[in-house]
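Data block below; observations after.
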Amino acid sequence: MRKAFKYRIYLTNGQRRILEQQLEECRFVYNQTLALRRDSHANGAKCGLYDTQAFLPIWKADRQSMKLVHSQVLQNVQVRVDLAFQAFFRRVREGVAPDDVGYPRFKGFGRYDSITYPQYGNGVRLDGDRLILSKVGAVRLVLHRPVEGTPKTVTLTRTRTGKWFAAISCETEAQPLEPTEYVTGVDVGLESFATLSNGEQIDNPRFYRKDESDLKRVQKRKDAAKNAQNWPENTKQQRILAKIHERIANRRSDFAHKRSRELVNTYQIMVFEDLEPQRMGKSRGMRKSILDVAWTQFIRMTIGKAADAGRTIVLVNPRNTSKLCSQCGELVQKTLRTRIHTCPHCGLVLDRDENAAINILQRGLQTFQT
């Protein structure tokens with residue numbers, strides 16, 4: 001299996017300038033490739049990944065600065081464009097609404113933030129606590145944990161606050177935990193982050209909501225500076241905004257990692273709803289809360305840890321899991337404000353989310369019986 005190890009890297013001023021220039025060259029290749037494929041499709045001509053890669057030597061001859069970037073890094077940029085088109089055509093085939101199909105877009109200045117070396121040892125290698133990069137040199141790496149397995153790819157990422165990280169993807173052996181007899185259904189929500197089928201609840205930390213007042217205050221300063229055309233102050237407030245968003249994202253990620261680890265360590269089988277949060281929420285405030293709770297991030301992390309630990313994850317259809325009575329199976333209509341499930345057919349009175357979690361578990365266990 002593949003496992004990624006992410007490390008903070010520290011650059012000299014010269015190394016930072018070189019990497020930022022490499023990002024801009026990659027952005028140029030991305031936009032050129034996207035334009036080439038767009039124009040080819042508009043003219044009814046076939047243009048795939050290998051067709052676009054034939055243009056790299058031509059572009060490199062006209063733009064000497066492209067030679068500052070490792071050749072496989074430039075090829076990977078075109079792979080990203082190809083993946084974007086594959087995803088676009090897949091959504092079209094699936095009948096996604098035209099407004100949600102998402103045609104690949106061009107990258108503006110400063111909006112290309114990562115480069116990938118697709119073959120470890122070719123342009124990149126690890127030497128102690130130094131990452132040796134082609135055309136950049138030895139970069140200091142903070143190895144807060146050892147690299148496990150066989151390194152395959154390396155991706156360098158620049159955050160919106162100017163920090164740099166290296167993600168080393170390695171091929172590793174699974175490390176299964178001792179099997180347990182415990183199973184659980186997990187109902188994610190807004191009132192509580194998650195409710196398990198045994199009644200246990202995980203509180204919703206609401207990281208964005210807690211820092212929303214800070215965001216509003218800084219945003220007002222940024223807007224005032226922009227209206228006054230005070231660009232130094234506007235840029236300063238942009239950096240502060242980026243730091244607040246980064247702080248929220250880091251807290252959210254840390255929370256999801258810890259809760260998913262607790263679940264995987266305890267339960268042999270975990271059942272989740274197969275949700276599409278981007279299509280949920282009727283009001284702006286509700287959509288903001290759904291994005292803040294980040295269910296998909298939590299489920300994705302749990303799936304990754306479960307694969308390594310030999311646990312089983314089941315995703316089930318979320319239809320009516322909150323409305324069905326977990327005891328008699330009858331449909332009980334309720335609004336979002338109704339927090340207690342009261343069944344008029346069998347008399348069951350239960351917390352709404354716990355009732356849903358039991359239904360999710362039952363639906364997941366049925367997949368093993370069919």
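For the structure tokens, the naming scheme is as follows: chains receive sequential letters (A, B, ...) according to their order of presentation, residues are indexed from 1 within each chain, and ligands are indexed from 1 in presentation order.
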Practice item. Enumerate, as number ranges by chain, the complete set of residues in stretch 184-369 of chain A that a backbone-based DSSP assignment places in helix (DSSP H, G or I). Key: A: 207-227, 231-266, 277-279, 284-293, 295-309, 352-369
Practice item. Please identify all polymer residues within 10 Å of A:Leu241, counting only C-alpha atoms, omitting same-chain residues fewer than 5 positions from it, and present them as a VMD selection string. Key: chain A and resid 160 to 161 214 to 219 222 235 to 236 246 to 247
Residues from last step as file, N, CA and C atoms, as a short mmCIF file (atom, residue, chain, number, x, y, z; two decimals), in the first residue's frame:
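Saved as result_26.cif:
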data_model
loop_
_atom_site.label_atom_id
_atom_site.label_comp_id
_atom_site.auth_asym_id
_atom_site.auth_seq_id
_atom_site.Cartn_x
_atom_site.Cartn_y
_atom_site.Cartn_z
N ARG A 160 -0.35 28.98 1.38
CA ARG A 160 -0.71 30.38 1.15
C ARG A 160 0.04 31.33 2.07
N THR A 161 0.61 30.79 3.16
CA THR A 161 1.39 31.63 4.07
C THR A 161 2.87 31.58 3.76
N ASP A 214 -12.57 36.74 14.06
CA ASP A 214 -11.25 37.20 13.63
C ASP A 214 -11.20 37.38 12.12
N LEU A 215 -11.78 36.45 11.39
CA LEU A 215 -11.80 36.53 9.93
C LEU A 215 -12.56 37.77 9.46
N LYS A 216 -13.70 38.05 10.08
CA LYS A 216 -14.50 39.20 9.68
C LYS A 216 -13.74 40.51 9.95
N ARG A 217 -13.08 40.58 11.08
CA ARG A 217 -12.36 41.80 11.44
C ARG A 217 -11.22 42.07 10.45
N VAL A 218 -10.45 41.02 10.13
CA VAL A 218 -9.33 41.19 9.20
C VAL A 218 -9.85 41.46 7.79
N GLN A 219 -10.96 40.82 7.42
CA GLN A 219 -11.52 41.04 6.09
C GLN A 219 -11.97 42.48 5.91
N LYS A 222 -8.91 44.53 5.28
CA LYS A 222 -8.42 44.27 3.93
C LYS A 222 -9.25 45.03 2.90
N THR A 235 -1.98 43.89 1.22
CA THR A 235 -1.17 42.68 1.17
C THR A 235 -0.92 42.13 2.57
N LYS A 236 -0.68 43.02 3.52
CA LYS A 236 -0.45 42.59 4.90
C LYS A 236 -1.69 41.87 5.45
N GLU A 246 -5.15 29.00 7.67
CA GLU A 246 -4.22 27.89 7.87
C GLU A 246 -4.36 27.32 9.28
N ARG A 247 -4.52 28.19 10.26
CA ARG A 247 -4.70 27.75 11.64
C ARG A 247 -5.97 26.91 11.78
#
Review point. With only C-alpha atoms as the atoms that count, which of A:Val79, A:Arg91, A:Asp100, A:Arg158 lies nearest to A:Tyr10?
Key: A:Arg158
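With only C-alpha atoms taken into account, the protein and nucleic acid residues at most 10 Å from stretch 47-54 of chain A (excluding it and anything under 5 positions from it in its own chain) are Gln32, Thr33, Leu34, Leu36, Arg37, Arg38, Asp39, Ser40, His41, Trp59, Leu74, Gln75, Asn76, Val77, Gln78, Val79, Arg80, Val81, Asp82, Leu83 and Phe85 of chain A.
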Exercise for review: Enumerate, as a list in words, the complete set of residues in stretch 255-360 of chain A that a backbone-based DSSP assignment places in strand (DSSP E or B).
Suggested key: Ile269, Met270, Val271, Phe272, Glu273, Thr312, Ile313, Val314, Leu315, Val316, Leu324, Leu331, Ile340, His341, Thr342, Val349, Leu350 and Asp351 of chain A
Can you write just those residues out, C-alpha atoms, as a PDB file, in the first residue's frame?
ATOM      1  CA  ILE A 269     -15.987  -2.807  11.226  1.00  0.00           C
ATOM      2  CA  MET A 270     -17.066   0.824  10.807  1.00  0.00           C
ATOM      3  CA  VAL A 271     -20.050   1.854   8.710  1.00  0.00           C
ATOM      4  CA  PHE A 272     -20.496   5.385   7.335  1.00  0.00           C
ATOM      5  CA  GLU A 273     -22.995   7.060   5.066  1.00  0.00           C
ATOM      6  CA  THR A 312     -13.164  -2.813   7.371  1.00  0.00           C
ATOM      7  CA  ILE A 313     -14.976   0.338   6.246  1.00  0.00           C
ATOM      8  CA  VAL A 314     -18.438   0.127   4.683  1.00  0.00           C
ATOM      9  CA  LEU A 315     -20.176   3.051   2.958  1.00  0.00           C
ATOM     10  CA  VAL A 316     -23.966   2.806   2.711  1.00  0.00           C
ATOM     11  CA  LEU A 324     -36.466   4.975   9.747  1.00  0.00           C
ATOM     12  CA  LEU A 331     -40.753   5.493   8.418  1.00  0.00           C
ATOM     13  CA  ILE A 340     -35.574  13.062  19.473  1.00  0.00           C
ATOM     14  CA  HIS A 341     -36.840  10.072  17.488  1.00  0.00           C
ATOM     15  CA  THR A 342     -40.305   9.090  18.770  1.00  0.00           C
ATOM     16  CA  VAL A 349     -37.856   7.022  22.050  1.00  0.00           C
ATOM     17  CA  LEU A 350     -34.204   7.641  21.168  1.00  0.00           C
ATOM     18  CA  ASP A 351     -31.799  10.396  20.260  1.00  0.00           C
TER      19      ASP A 351
END
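Picture a line from atom CA of A:Val142 to atom CA of A:Val154; it runs 14.9 Å.
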Practice item. Counting only C-alpha atoms, figure out which residue out of A:Ser65, A:Gln238, A:Ser134, A:Thr159 gets nearest to A:Gln15. Key: A:Ser134
Practice item. Determine, counting only C-alpha atoms, which protein, DNA and RNA residues have an atom within 12 Å of an atom of A:Arg206; residues of the same chain fewer than 2 positions away are not included. Present the result as a ChimeraX atom specification. Key: /A:189-193,202-204,208-212,248-249,251-252,255,288-294
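Between atom CA of A:Val92 and atom CA of A:Thr321 the interatomic distance comes to 29.3 Å.
Compared by their closest atoms to A:Asp254, and using only C-alpha atoms, the residues A:Lys226, A:Glu148, A:Gln297, A:Arg221 rank with A:Gln297 nearest.
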Point to revise | Neighbour list for A:Val101 as a ChimeraX atom specification, cut-off 9 Å, only C-alpha atoms, skip fewer than 4 positions in-chain | key: /A:88-89,91-92,95-97
